[in-house]
Structures are given as structure tokens and as C-alpha cells.
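run_10.txt follows; it contains compact mmCIF, C-alpha atoms.
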```
# COMPACT_ATOMS: atom_id res chain seq x y z
CA MET E 1 -139.52 168.84 109.13
CA ALA E 2 -138.87 165.14 109.61
CA GLN E 3 -139.32 162.80 106.67
CA LEU E 4 -141.45 159.76 107.32
CA GLU E 5 -141.21 156.35 105.70
CA HIS E 6 -143.81 153.70 106.19
CA GLY E 7 -144.78 150.13 105.39
CA ALA E 8 -147.87 148.09 106.23
CA ALA E 9 -149.15 144.53 106.06
CA THR E 10 -152.27 142.73 107.18
CA HIS E 11 -153.15 139.03 107.24
CA ILE E 12 -156.39 137.16 107.75
CA GLY E 13 -154.70 134.68 110.11
CA ARG E 14 -156.86 131.60 110.55
CA ARG E 15 -160.17 133.42 110.63
CA PRO E 16 -162.83 133.33 107.88
CA ASN E 17 -162.47 137.05 107.16
CA ASN E 18 -160.18 139.94 107.96
CA GLU E 19 -161.74 142.58 110.22
CA ASP E 20 -158.47 144.46 110.62
CA ALA E 21 -157.75 147.52 108.53
CA TYR E 22 -154.99 150.06 108.24
CA CYS E 23 -154.43 153.38 106.57
CA ALA E 24 -151.40 155.45 105.75
CA TRP E 25 -151.76 158.99 104.46
CA PRO E 26 -148.25 160.43 104.13
CA GLU E 27 -149.68 163.71 102.85
CA LEU E 28 -151.60 164.09 106.13
CA ARG E 29 -148.82 162.46 108.15
CA LEU E 30 -151.52 160.22 109.57
CA TYR E 31 -151.16 156.47 110.16
CA ALA E 32 -153.69 154.18 111.81
CA VAL E 33 -154.79 150.59 112.37
CA ALA E 34 -158.22 149.35 113.44
CA ASP E 35 -159.50 145.98 114.57
CA GLY E 36 -163.19 145.40 113.99
CA ILE E 37 -165.44 143.64 116.49
CA GLY E 38 -168.97 142.39 116.15
CA GLY E 39 -168.89 139.20 114.11
CA TYR E 40 -169.04 138.41 110.45
CA GLU E 41 -168.97 141.48 108.21
CA GLY E 42 -169.85 143.91 111.00
CA GLY E 43 -166.30 144.12 112.27
CA GLU E 44 -164.72 144.84 108.92
CA ILE E 45 -167.31 147.51 108.17
CA ALA E 46 -166.70 149.19 111.54
CA SER E 47 -162.92 149.26 111.14
CA LYS E 48 -163.25 150.74 107.65
CA ILE E 49 -165.72 153.40 108.83
CA ALA E 50 -163.33 154.31 111.66
CA LEU E 51 -160.36 154.86 109.36
CA ASP E 52 -162.27 156.58 106.55
CA THR E 53 -163.95 158.99 108.96
CA LEU E 54 -160.72 159.84 110.74
CA ALA E 55 -158.81 160.47 107.51
CA GLU E 56 -161.56 162.60 106.02
CA PHE E 57 -161.91 164.69 109.16
CA ILE E 58 -158.19 165.21 109.60
CA GLY E 59 -157.81 165.91 105.88
CA HIS E 60 -160.26 168.80 106.14
CA GLY E 61 -158.63 170.01 109.33
CA CYS E 62 -155.12 169.94 107.86
CA HIS E 63 -156.18 172.03 104.87
CA ASP E 64 -157.53 174.53 107.32
CA MET E 65 -154.21 174.47 109.18
CA ASP E 66 -152.30 175.08 105.94
CA SER E 67 -153.93 178.47 105.73
CA ARG E 68 -152.60 179.19 109.23
CA ARG E 69 -148.99 178.18 108.75
CA SER E 70 -147.86 181.21 110.66
CA ALA E 71 -149.15 179.63 113.89
CA ASP E 72 -146.29 178.50 116.11
CA ALA E 73 -145.33 174.85 116.60
CA THR E 74 -147.00 174.57 120.00
CA GLU E 75 -150.28 175.82 118.62
CA ARG E 76 -150.06 173.53 115.60
CA LEU E 77 -149.43 170.58 117.88
CA ALA E 78 -152.36 171.45 120.12
CA ARG E 79 -154.58 171.84 117.11
CA SER E 80 -153.47 168.53 115.65
CA GLU E 81 -154.23 166.82 118.94
CA GLU E 82 -157.69 168.36 118.96
CA LEU E 83 -158.24 167.13 115.41
CA LEU E 84 -157.28 163.60 116.36
CA VAL E 85 -159.60 163.57 119.37
CA LYS E 86 -162.53 165.03 117.47
CA GLY E 87 -161.92 162.78 114.47
CA THR E 88 -161.98 159.74 116.74
CA ARG E 89 -165.22 160.85 118.39
CA LEU E 90 -166.75 161.40 114.96
CA ALA E 91 -165.65 157.92 113.86
CA HIS E 92 -167.48 156.55 116.90
CA GLU E 93 -170.63 158.46 115.96
CA HIS E 94 -170.49 157.23 112.37
CA ILE E 95 -170.23 153.62 113.53
CA VAL E 96 -173.13 154.05 115.96
CA ALA E 97 -175.24 155.58 113.18
CA ARG E 98 -174.78 152.41 111.10
CA GLN E 99 -175.59 149.95 113.91
CA VAL E 100 -178.80 148.61 112.45
CA GLY E 101 -179.99 144.99 112.12
CA GLU E 102 -177.08 142.61 111.55
CA LEU E 103 -174.63 145.42 112.23
CA GLU E 104 -176.14 146.23 115.62
CA MET E 105 -173.11 144.96 117.58
CA MET E 106 -170.32 146.26 115.39
CA GLY E 107 -167.46 148.28 116.77
CA SER E 108 -163.75 148.81 116.33
CA THR E 109 -160.52 149.55 118.10
CA LEU E 110 -158.28 152.31 116.83
CA ALA E 111 -154.59 153.13 117.18
CA ALA E 112 -153.34 156.18 115.33
CA VAL E 113 -150.25 158.33 115.02
CA LEU E 114 -150.27 161.86 113.65
CA VAL E 115 -146.90 163.56 113.14
CA PRO E 116 -147.57 167.24 112.51
CA ASP E 117 -144.17 168.59 113.58
CA ALA E 118 -141.36 167.61 115.89
CA ALA E 119 -143.66 165.44 117.98
CA ALA E 120 -145.95 162.53 117.29
CA ILE E 121 -149.45 162.44 118.69
CA VAL E 122 -150.50 158.92 119.61
CA CYS E 123 -154.13 158.03 120.07
CA ASN E 124 -155.85 154.77 121.00
CA VAL E 125 -159.21 153.31 121.86
CA GLY E 126 -159.29 149.60 122.67
CA ASP E 127 -156.41 147.13 122.58
CA SER E 128 -154.62 147.92 119.34
CA ARG E 129 -151.17 149.21 120.26
CA VAL E 130 -148.50 151.70 119.32
CA TYR E 131 -144.88 150.90 120.17
CA LEU E 132 -141.81 153.08 119.86
CA LEU E 133 -138.43 151.57 119.05
CA ARG E 134 -135.66 154.01 120.04
CA ASP E 135 -132.00 153.18 120.65
CA GLY E 136 -132.82 149.48 120.49
CA GLN E 137 -135.44 149.74 123.26
CA LEU E 138 -139.06 148.89 122.61
CA LYS E 139 -141.64 150.89 124.56
CA GLN E 140 -145.40 150.46 124.49
CA LEU E 141 -146.87 153.95 124.17
CA THR E 142 -150.52 153.00 124.52
CA ARG E 143 -152.46 151.48 127.38
CA ASP E 144 -154.74 148.58 126.50
CA HIS E 145 -158.36 149.32 127.28
CA THR E 146 -159.19 145.85 128.51
CA LEU E 147 -160.59 144.46 131.73
CA TRP E 148 -157.26 142.79 132.42
CA THR E 149 -155.36 146.09 132.36
CA GLU E 150 -158.01 147.96 134.35
CA ILE E 151 -158.18 145.26 137.03
CA LEU E 152 -154.40 145.13 137.43
CA ALA E 153 -154.29 148.93 137.65
CA ARG E 154 -156.56 148.69 140.69
CA GLY E 155 -154.20 146.37 142.48
CA VAL E 156 -156.26 143.22 142.03
CA GLU E 157 -154.34 140.15 140.94
CA LEU E 158 -156.12 137.45 139.02
CA PRO E 159 -154.75 134.00 138.20
CA LYS E 160 -152.58 134.16 135.07
CA GLU E 161 -154.67 131.48 133.38
CA GLN E 162 -157.60 133.92 133.40
CA ARG E 163 -155.63 136.50 131.43
CA ALA E 164 -157.05 135.45 128.07
CA ILE E 165 -160.63 135.86 129.31
CA TYR E 166 -160.13 139.34 130.77
CA ALA E 167 -157.71 140.59 128.12
CA ASN E 168 -160.30 139.87 125.44
CA GLU E 169 -162.91 142.09 127.09
CA LEU E 170 -162.57 145.67 125.92
CA THR E 171 -163.47 148.51 128.23
CA ARG E 172 -163.31 151.04 125.40
CA ALA E 173 -164.12 150.71 121.71
CA LEU E 174 -165.54 152.84 118.95
CA GLY E 175 -169.23 152.00 118.56
CA ILE E 176 -169.76 151.17 122.23
CA ASP E 177 -171.65 153.99 123.90
CA GLY E 178 -169.96 155.66 126.79
CA SER E 179 -166.58 154.04 126.20
CA ALA E 180 -165.18 155.59 123.04
CA GLU E 181 -163.05 158.36 124.51
CA PRO E 182 -159.55 158.27 123.01
CA GLU E 183 -156.41 158.31 125.13
CA ILE E 184 -153.73 160.67 123.82
CA THR E 185 -149.96 160.72 124.29
CA ARG E 186 -147.41 163.16 122.84
CA VAL E 187 -143.93 161.96 121.96
CA PRO E 188 -141.11 164.24 120.76
CA ILE E 189 -139.55 162.50 117.76
CA ARG E 190 -135.92 161.84 116.88
CA SER E 191 -134.22 160.63 113.76
CA GLY E 192 -134.22 156.83 113.72
CA ASP E 193 -137.41 156.48 115.77
CA GLN E 194 -139.74 153.75 114.63
CA PHE E 195 -143.41 153.55 115.50
CA LEU E 196 -145.13 150.19 115.21
CA LEU E 197 -148.93 150.27 115.10
CA CYS E 198 -150.44 146.83 115.41
CA THR E 199 -153.51 144.82 116.31
CA ASP E 200 -153.66 142.19 119.06
CA GLY E 201 -153.33 139.32 116.60
CA LEU E 202 -149.76 140.44 115.98
CA TYR E 203 -148.47 141.33 119.44
CA GLU E 204 -150.11 138.33 121.10
CA SER E 205 -148.13 136.02 118.80
CA LEU E 206 -144.69 137.59 118.98
CA SER E 207 -142.23 138.13 121.81
CA GLU E 208 -140.73 141.57 122.44
CA GLU E 209 -137.41 140.33 121.09
CA GLN E 210 -139.04 139.12 117.88
CA ILE E 211 -140.72 142.50 117.42
CA ILE E 212 -137.41 144.33 117.92
CA ASN E 213 -135.65 142.03 115.45
CA GLY E 214 -138.46 142.47 112.96
CA LEU E 215 -138.29 146.25 113.19
CA GLN E 216 -134.59 146.20 112.41
CA THR E 217 -135.25 144.66 109.02
CA LYS E 218 -135.15 147.17 106.17
CA PRO E 219 -137.06 148.58 104.36
CA ALA E 220 -140.23 149.22 106.42
CA GLN E 221 -142.47 147.27 104.07
CA GLU E 222 -140.23 144.24 104.31
CA ALA E 223 -140.23 144.54 108.11
CA CYS E 224 -144.04 144.54 108.20
CA ASP E 225 -144.22 141.53 105.90
CA GLN E 226 -141.75 139.69 108.09
CA LEU E 227 -143.58 140.46 111.35
CA VAL E 228 -146.92 139.33 109.98
CA HIS E 229 -145.42 136.23 108.36
CA GLN E 230 -143.63 135.27 111.57
CA ALA E 231 -146.77 135.72 113.67
CA TYR E 232 -148.70 133.49 111.27
CA GLU E 233 -145.96 130.85 111.26
CA GLN E 234 -146.11 130.81 115.05
CA GLY E 235 -149.76 129.84 114.93
CA ALA E 236 -151.62 133.16 115.10
CA VAL E 237 -155.36 132.56 114.77
CA ASP E 238 -156.58 136.14 114.88
CA ASN E 239 -156.29 138.70 112.08
CA MET E 240 -153.02 140.61 112.36
CA THR E 241 -151.82 143.95 111.11
CA ALA E 242 -148.53 145.81 111.34
CA LEU E 243 -147.84 149.36 110.25
CA ILE E 244 -144.39 150.88 110.68
CA VAL E 245 -143.57 154.60 110.54
CA ARG E 246 -139.89 155.55 110.49
CA VAL E 247 -138.56 159.00 111.21
CA VAL E 248 -135.73 160.17 108.99
CA TYR E 249 -134.29 163.68 109.36
CA GLU E 250 -132.46 164.81 106.24
CA MET L 1 -187.74 145.19 123.69
CA PRO L 2 -185.49 142.88 125.76
CA PRO L 3 -186.04 142.86 129.53
CA THR L 4 -183.93 144.97 131.86
CA ARG L 5 -180.80 143.19 133.00
CA ILE L 6 -179.85 142.96 136.67
CA LEU L 7 -176.47 141.91 137.98
CA LEU L 8 -176.25 140.07 141.30
CA VAL L 9 -172.87 140.01 143.01
CA MET L 10 -173.18 137.58 145.90
CA PRO L 11 -170.51 135.12 147.03
CA GLU L 12 -172.97 132.55 148.36
CA HIS L 13 -174.42 130.37 145.65
CA TRP L 14 -177.84 129.44 147.07
CA PRO L 15 -179.14 132.88 148.04
CA ARG L 16 -177.92 134.16 144.68
CA ALA L 17 -179.68 131.37 142.81
CA LEU L 18 -182.93 131.92 144.73
CA LEU L 19 -182.89 135.68 144.17
CA ARG L 20 -182.07 135.17 140.51
CA ALA L 21 -185.04 132.82 140.12
CA GLU L 22 -187.33 135.31 141.88
CA LEU L 23 -186.28 138.21 139.66
CA ILE L 24 -186.52 136.14 136.47
CA GLU L 25 -190.06 135.23 137.51
CA ARG L 26 -190.81 138.96 137.72
CA GLY L 27 -189.69 139.42 134.12
CA TYR L 28 -186.09 140.57 134.51
CA ASP L 29 -182.99 139.21 132.83
CA VAL L 30 -180.59 138.33 135.64
CA VAL L 31 -176.88 137.56 135.69
CA GLY L 32 -175.25 136.22 138.84
CA ALA L 33 -171.61 136.43 139.87
CA PRO L 34 -169.77 135.40 143.05
CA ASP L 35 -167.40 138.39 143.03
CA LEU L 36 -166.76 141.75 141.37
CA ALA L 37 -164.11 140.47 138.95
CA THR L 38 -166.48 137.81 137.59
CA ALA L 39 -169.33 140.33 137.42
CA LEU L 40 -167.21 142.50 135.11
CA LEU L 41 -167.34 139.76 132.48
CA ALA L 42 -171.02 140.48 131.78
CA ARG L 43 -170.85 142.51 128.60
CA PRO L 44 -172.54 145.92 128.69
CA LYS L 45 -173.95 145.32 125.23
CA GLU L 46 -175.11 141.88 124.17
CA LYS L 47 -177.24 140.90 121.22
CA GLY L 48 -180.83 140.29 122.28
CA ARG L 49 -180.25 141.43 125.87
CA GLY L 50 -181.14 144.66 127.57
CA PRO L 51 -178.67 146.93 129.32
CA VAL L 52 -177.63 146.35 132.93
CA ARG L 53 -179.77 148.82 134.87
CA ALA L 54 -179.23 147.60 138.43
CA ILE L 55 -176.53 145.86 140.41
CA LEU L 56 -177.14 144.22 143.76
CA ILE L 57 -174.00 143.79 145.82
CA ASP L 58 -173.62 141.67 148.91
CA GLN L 59 -171.17 143.37 151.26
CA ASP L 60 -169.31 140.06 151.50
CA ALA L 61 -168.17 140.68 147.92
CA LEU L 62 -166.56 143.99 148.89
CA VAL L 63 -163.41 142.55 150.38
CA GLU L 64 -160.00 144.13 149.79
CA PRO L 65 -158.60 144.44 147.19
CA GLN L 66 -161.60 143.34 145.06
CA SER L 67 -163.60 146.27 146.41
CA ASN L 68 -161.34 148.50 144.27
CA LEU L 69 -163.22 147.14 141.27
CA LEU L 70 -166.55 148.68 142.29
CA ASP L 71 -165.95 151.94 140.40
CA LEU L 72 -164.94 149.97 137.29
CA LEU L 73 -168.13 147.93 137.54
CA VAL L 74 -170.29 151.05 137.88
CA SER L 75 -168.63 152.85 134.95
CA ARG L 76 -168.78 149.74 132.75
CA TYR L 77 -172.57 149.71 132.93
CA ARG L 78 -173.04 153.46 132.74
CA ASN L 79 -174.13 154.24 136.26
CA PRO L 80 -176.73 151.58 137.02
CA ARG L 81 -178.87 151.64 140.16
CA LEU L 82 -176.93 150.22 143.11
CA VAL L 83 -178.43 148.15 145.88
CA LEU L 84 -176.38 147.05 148.87
CA LEU L 85 -177.02 144.03 151.02
CA PRO L 86 -174.95 144.98 154.08
CA ARG L 87 -173.52 142.95 156.92
CA THR L 88 -175.06 144.09 160.18
CA GLN L 89 -171.80 143.79 162.12
CA LEU L 90 -169.80 145.83 159.61
CA LYS L 91 -169.70 149.50 158.77
CA THR L 92 -171.67 150.34 155.64
CA PRO L 93 -169.17 150.78 152.81
CA LEU L 94 -168.98 154.07 150.96
CA GLY L 95 -170.79 154.06 147.63
CA ALA L 96 -173.56 155.76 145.71
CA TRP L 97 -176.13 153.28 147.01
CA ASP L 98 -179.67 153.86 145.78
CA LYS L 99 -181.00 151.43 148.35
CA ILE L 100 -179.65 149.53 151.31
CA VAL L 101 -181.56 146.40 152.29
CA PRO L 102 -180.83 145.51 155.93
CA ARG L 103 -180.37 141.91 156.89
CA PRO L 104 -182.12 139.72 157.73
CA ALA L 105 -184.23 140.01 154.58
CA LEU L 106 -186.41 137.56 152.70
CA ILE L 107 -185.67 136.87 149.04
CA GLY L 108 -188.97 138.56 148.15
CA GLN L 109 -188.02 141.69 150.11
CA ILE L 110 -184.67 141.96 148.35
CA ALA L 111 -186.36 141.50 144.98
CA ASN L 112 -188.87 144.22 145.89
CA ALA L 113 -186.04 146.61 146.75
CA VAL L 114 -184.29 145.99 143.44
CA ALA L 115 -187.56 146.41 141.52
CA GLU L 116 -188.29 149.69 143.36
CA THR L 117 -184.96 151.20 142.36
CA LEU L 118 -185.75 150.35 138.77
CA SER L 119 -189.15 151.99 138.63
CA GLY L 120 -188.87 154.94 136.29
CA VAL L 121 -185.32 154.05 135.22
CA GLN L 122 -186.38 153.18 131.68
CA GLU L 123 -187.52 156.75 131.05
CA GLN L 124 -184.35 158.32 132.42
CA LYS L 125 -181.94 155.75 131.06
CA ASP L 126 -179.78 158.19 129.13
CA THR L 127 -179.63 160.83 131.81
CA PRO L 128 -176.27 160.70 133.58
CA ARG L 129 -176.48 160.66 137.37
CA HIS L 130 -174.32 162.84 139.55
```
Could you rewrite the structure in this file as C-alpha cells?
Amino acid sequence: MAQLEHGAATHIGRRPNNEDAYCAWPELRLYAVADGIGGYEGGEIASKIALDTLAEFIGHGCHDMDSRRSADATERLARSEELLVKGTRLAHEHIVARQVGELEMMGSTLAAVLVPDAAAIVCNVGDSRVYLLRDGQLKQLTRDHTLWTEILARGVELPKEQRAIYANELTRALGIDGSAEPEITRVPIRSGDQFLLCTDGLYESLSEEQIINGLQTKPAQEACDQLVHQAYEQGAVDNMTALIVRVVYE
Amino acid sequence: MPPTRILLVMPEHWPRALLRAELIERGYDVVGAPDLATALLARPKEKGRGPVRAILIDQDALVEPQSNLLDLLVSRYRNPRLVLLPRTQLKTPLGAWDKIVPRPALIGQIANAVAETLSGVQEQKDTPRH
């Protein structure tokens, strides 16, 4: 089984509080970032609920899978995917259950990677992203759930200066009824692969070239620190989070 | 409880403004937009505002390729009631229209049609339509 190394960093940017959150559970082979929405305090509560719920659910599910080790790789992968989808739906329900009073509008994005075997399962809701760096090429594995992306996908072109308005409007988010369904992608992994999970504060501030250069820094923790620092130095206003997972076959 | 929100998608400013005023007078919360892309910017969930339960669309707003955004608009607001204001010279566009209000129509008649589609919606608001 592939060995995984990870690093993570988050920064408040130029906001009054940090509504981003990340989690890394090497024992579950689960990594995730979340970007809270909904104003002061609400956002950071929502992102924390999302990650805590997901980890707890997958933790229980993985223990159950341990007792079924004899299952073949395909079945384990299918089961892991099911866990990720159900865990994400549960995270949505937990956020909705806490939407009372000042927290009425809270919600969160989610981008997660689960690596049960020789493939990674990538999941996202909202505009937090997962990239794969392989052979020097950076590929975005997730599709942003924003109005901008949805409108372009339907062949409608809007003036570029309107991008910021439409890109900021999420079409899916945890905590928003009817729009919390996760999108799942499976990626066979190779030694040397690097997954970057990040929030919009990070990728909106850095060019693709800067991200590639940042990912080539070693070790992973140093790379995350560098990416976040560089984004901040380039004027990032929003909270920003980077989480790197590296695949190392022994 | 906040009033029901209605979305008006009408390219022409004055008819839209008059209809908006009429519906506000009847107790609705109304958002106007000149095209489908702008209409999408109305957030499905907003503090202190009710959900969008009805969308009135002027056929003039259903021009290619913007008309491709109609399904996105409908899914964004969880299957609201749809009212079409057609152009008499044009073929009625495909869509799950709950009501079609033929032109010429007075502002009051259009407002009546929108209000009629909303009667009883509150009770069935969480029932998906097929």
C-alpha cells in the first residue's frame, strides 16, 4: 500500500477571522479542507462541523472495513466512495440542524481526498479545489460549484469583468438545502503524485506556475507554508488554506 | 414569517417596475432582473427573506444562448412555479410552465396569474414536483 506524507497550513488573510479549516487523519487516509460561509462565527462553526462529522463517520466506517479485509480492492474502493458520499451528506445534515438564530445562514464548502488503496477518491461540494501534480503537470480534479462555472458550461459567455460576481455565488454548499450533493472522482495513484487541497483564497491569489513551483518545495509542510505565505504577500484578502498529500511507494 | 419571494425576468424596465410595484403592494417580496444571468444572482437563501416560490419570465428573455440558463434558474430555486409571458408571434417555448399569460395583458392580470399559481404553494413547499 502507498505511503502518504502530508503538510497543511491556513492563514486568516486580511479578514477579521478565519472560517477555513482543514483536517488530516493519516490513520484514516482522509484529508480535507472546508471554507465556511455565513458571516462572523457562523462560517467557522460550519466548516468545523463539516470536517468533524466527516472524520467521525469515516472513522466508524473504516473500522467496519477492517473487519472485512478479505474484500477485494474493487469492493473496498466502492465502499470507501460510499462512505465519503454518506459522510458528506451527514455533514450537511449536522450543519442544517445547527442553523438557529445567528447561525441561520451558515454553510461550508468541502474538498476531501480519501486514499483507501491504489486509487484516491476525490470529493467536493462548493468551490474549494483538489489539484493533482503529476509529471510536472497540474490538473484540477474538481469542478467549482459556482454560477460562473455552471453558466459557462451552458455555453453562455459573460463579460470577464463579471467573473468575480458570478464566481463568488455558490451553486452547491453544505448547509444549503437541495444543493449539498457531493461530486466524486476516482484517480488511480502513482508514486510521486501530489494532491493539493485548497480554498479559493489560495488559488485565486496564485498563478498555476506559482502553485507548481510551490509544490516542488520539500517537505510537504514547507511547501504549504510557502504557498500560503506567497498568496498573502501577493495581497490575498480572503482566508486561505493549503493541504498537500504526497504519494510515496516504498 | 417573511413574505414569499417572486422573481421577474423581463428585459423591459418599465413593465417590470410596474409589475414589481403591483406585486409588492399585494404583500410579496419581488426581485426584478432584465435577463436570466442576472436573475441567477438572487440568492436562494437570504437572511430575513422568504424563498423564491415563483418566477415570471418574459419570452423576450429566452433568447439563445441565455435560454440555456432556464434549467439552472429552476434548479437553483428548487422548482418554483413558472409563469410565462409569451410573444404572440413566436412559438411557445418548451418548459414546465404552470401558467401562460397571453399578451396583451394588463399589469393587474399578470399579477393575478402569478398570485394564482402561488395559492396553496406554502403548504406544499417541500414536495418536489415532477
(request) Write out as a VMD selection string which residues come within 7 Å of Gly38 (chain E) when counting all atoms listed in the file, dropping same-chain ones fewer than 4 positions away. (result) chain E and resid 42 to 43 105 to 107
(message) Quick check: residues of chain E within 8 Å of chain L, only C-alpha atoms, returned as a list of chain:residue names.
(response) E:Glu104, E:Met105, E:Leu147, E:Glu150, E:Ile151, E:Arg154, E:Gly155, E:Val156, E:Tyr166, E:Glu169, E:Thr171, E:Ile176, E:Gly178
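Near region 51-58 of chain L, within 7 Å and counting all atoms listed in the file, sit L:Thr4, L:Arg5, L:Ile6, L:Leu7, L:Leu8, L:Val9, L:Met10, L:Pro44, L:Lys45, L:Ala61, L:Tyr77, L:Pro80, L:Arg81, L:Leu82, L:Val83, L:Leu84, L:Leu85, L:Pro86; same-chain residues fewer than 3 positions away were not included.
The shortest atom-to-atom distance to Gly39 (chain E), with all atoms listed in the file taken into account, belongs to E:Glu102 out of E:Glu102, E:Glu181, E:Glu222, E:Glu27.
Of the listed residues L:Gln109, L:Gln89, L:Pro11, L:Ala115, the one whose atoms come nearest to Val63 (chain L) is L:Pro11, with distances taken using all atoms listed in the file.
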(request) In Å, rounded to a single decimal, give me how far CA of Arg190 (chain E) is from CA of Asp127 (chain E). (result) 25.9 Å
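Closest approach to Ala17 (chain L) among L:Ala96, L:Leu62, L:Leu36, L:Ile107 is made by L:Ile107 (distances from only C-alpha atoms).
Picture a line from CA of Thr241 (chain E) to CA of Tyr31 (chain E); it runs 12.6 Å.
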Would you compute an axis-aligned box for region 238-250 of chain E, covering every atom listed for it in the file with 6 Å of margin on each side, and report centre and edge lengths in Å to one decimal as JSON?
```
{"center_x": -144.5, "center_y": 150.5, "center_z": 110.6, "size_x": 36.1, "size_y": 40.7, "size_z": 20.6}
```
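Counting from CA of Leu132 (chain E), the distance to CA of Arg15 (chain E) is 28.4 Å.
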(message) For a cutoff of 12 Å around the file-coordinate point (-147.8, 164.0, 110.1), which residues qualify once you count all atoms listed in the file? I'd like the result as a PyMOL selection string.
(response) chain E and resi 1-6+24-32+55+58-59+62+76-77+80-81+84+112-122+189+245-247
I'd like a table as a tab-separated table: residues in region 136-212 of chain E with an atom no more than 10 Å from region 225-232 of chain E, each row giving the shortest atom pair and its distance in Å to one decimal, all atoms listed in the file counted, sorted by chain and rising residue number.
```
residue	atom	partner	partner_atom	distance
E:Cys198	CA	E:Val228	CA	9.9
E:Gly201	CA	E:Ala231	CA	8.0
E:Leu202	CA	E:Ala231	CA	6.0
E:Tyr203	CA	E:Ala231	CA	8.2
E:Glu204	CA	E:Ala231	CA	8.6
E:Ser205	CA	E:Ala231	CA	5.3
E:Leu206	CA	E:Ala231	CA	6.0
E:Ser207	CA	E:Ala231	CA	9.6
E:Gln210	CA	E:Leu227	CA	8.1
E:Ile211	CA	E:Leu227	CA	7.0
E:Ile212	CA	E:Leu227	CA	9.8
```
Export, as a short mmCIF file (atom, residue, chain, number, x, y, z; two decimals), keeping the file's coordinate frame, the selected residues with C-alpha atoms.
```cif
data_model
loop_
_atom_site.label_atom_id
_atom_site.label_comp_id
_atom_site.auth_asym_id
_atom_site.auth_seq_id
_atom_site.Cartn_x
_atom_site.Cartn_y
_atom_site.Cartn_z
CA CYS E 198 -150.44 146.83 115.41
CA GLY E 201 -153.33 139.32 116.60
CA LEU E 202 -149.76 140.44 115.98
CA TYR E 203 -148.47 141.33 119.44
CA GLU E 204 -150.11 138.33 121.10
CA SER E 205 -148.13 136.02 118.80
CA LEU E 206 -144.69 137.59 118.98
CA SER E 207 -142.23 138.13 121.81
CA GLN E 210 -139.04 139.12 117.88
CA ILE E 211 -140.72 142.50 117.42
CA ILE E 212 -137.41 144.33 117.92
#
```
Write out, as JSON lines, each residue of region 194-242 of chain E that has an atom at most 6 Å from region 7-14 of chain E, together with the closest pair of atoms and their distance in Å to one decimal, counting all atoms listed in the file, rows going by chain and rising number.
```
{"residue": "E:Ala220", "atom": "CA", "partner": "E:Gly7", "partner_atom": "CA", "distance": 4.8}
{"residue": "E:Gln221", "atom": "CA", "partner": "E:Gly7", "partner_atom": "CA", "distance": 3.9}
{"residue": "E:Cys224", "atom": "CA", "partner": "E:Ala9", "partner_atom": "CA", "distance": 5.5}
{"residue": "E:Asp225", "atom": "CA", "partner": "E:Ala9", "partner_atom": "CA", "distance": 5.8}
{"residue": "E:Val237", "atom": "CA", "partner": "E:Arg14", "partner_atom": "CA", "distance": 4.6}
{"residue": "E:Asp238", "atom": "CA", "partner": "E:Gly13", "partner_atom": "CA", "distance": 5.3}
{"residue": "E:Asn239", "atom": "CA", "partner": "E:Ile12", "partner_atom": "CA", "distance": 4.6}
{"residue": "E:Met240", "atom": "CA", "partner": "E:His11", "partner_atom": "CA", "distance": 5.4}
{"residue": "E:Thr241", "atom": "CA", "partner": "E:Thr10", "partner_atom": "CA", "distance": 4.1}
{"residue": "E:Ala242", "atom": "CA", "partner": "E:Ala9", "partner_atom": "CA", "distance": 5.5}
```
(message) Set the distance at 6 Å and use all atoms listed in the file: which residues neighbour Leu170 (chain E) once local chain neighbours fewer than 2 positions away are removed? I'd like the list as a PyMOL selection string.
(response) chain E and resi 145-146+172
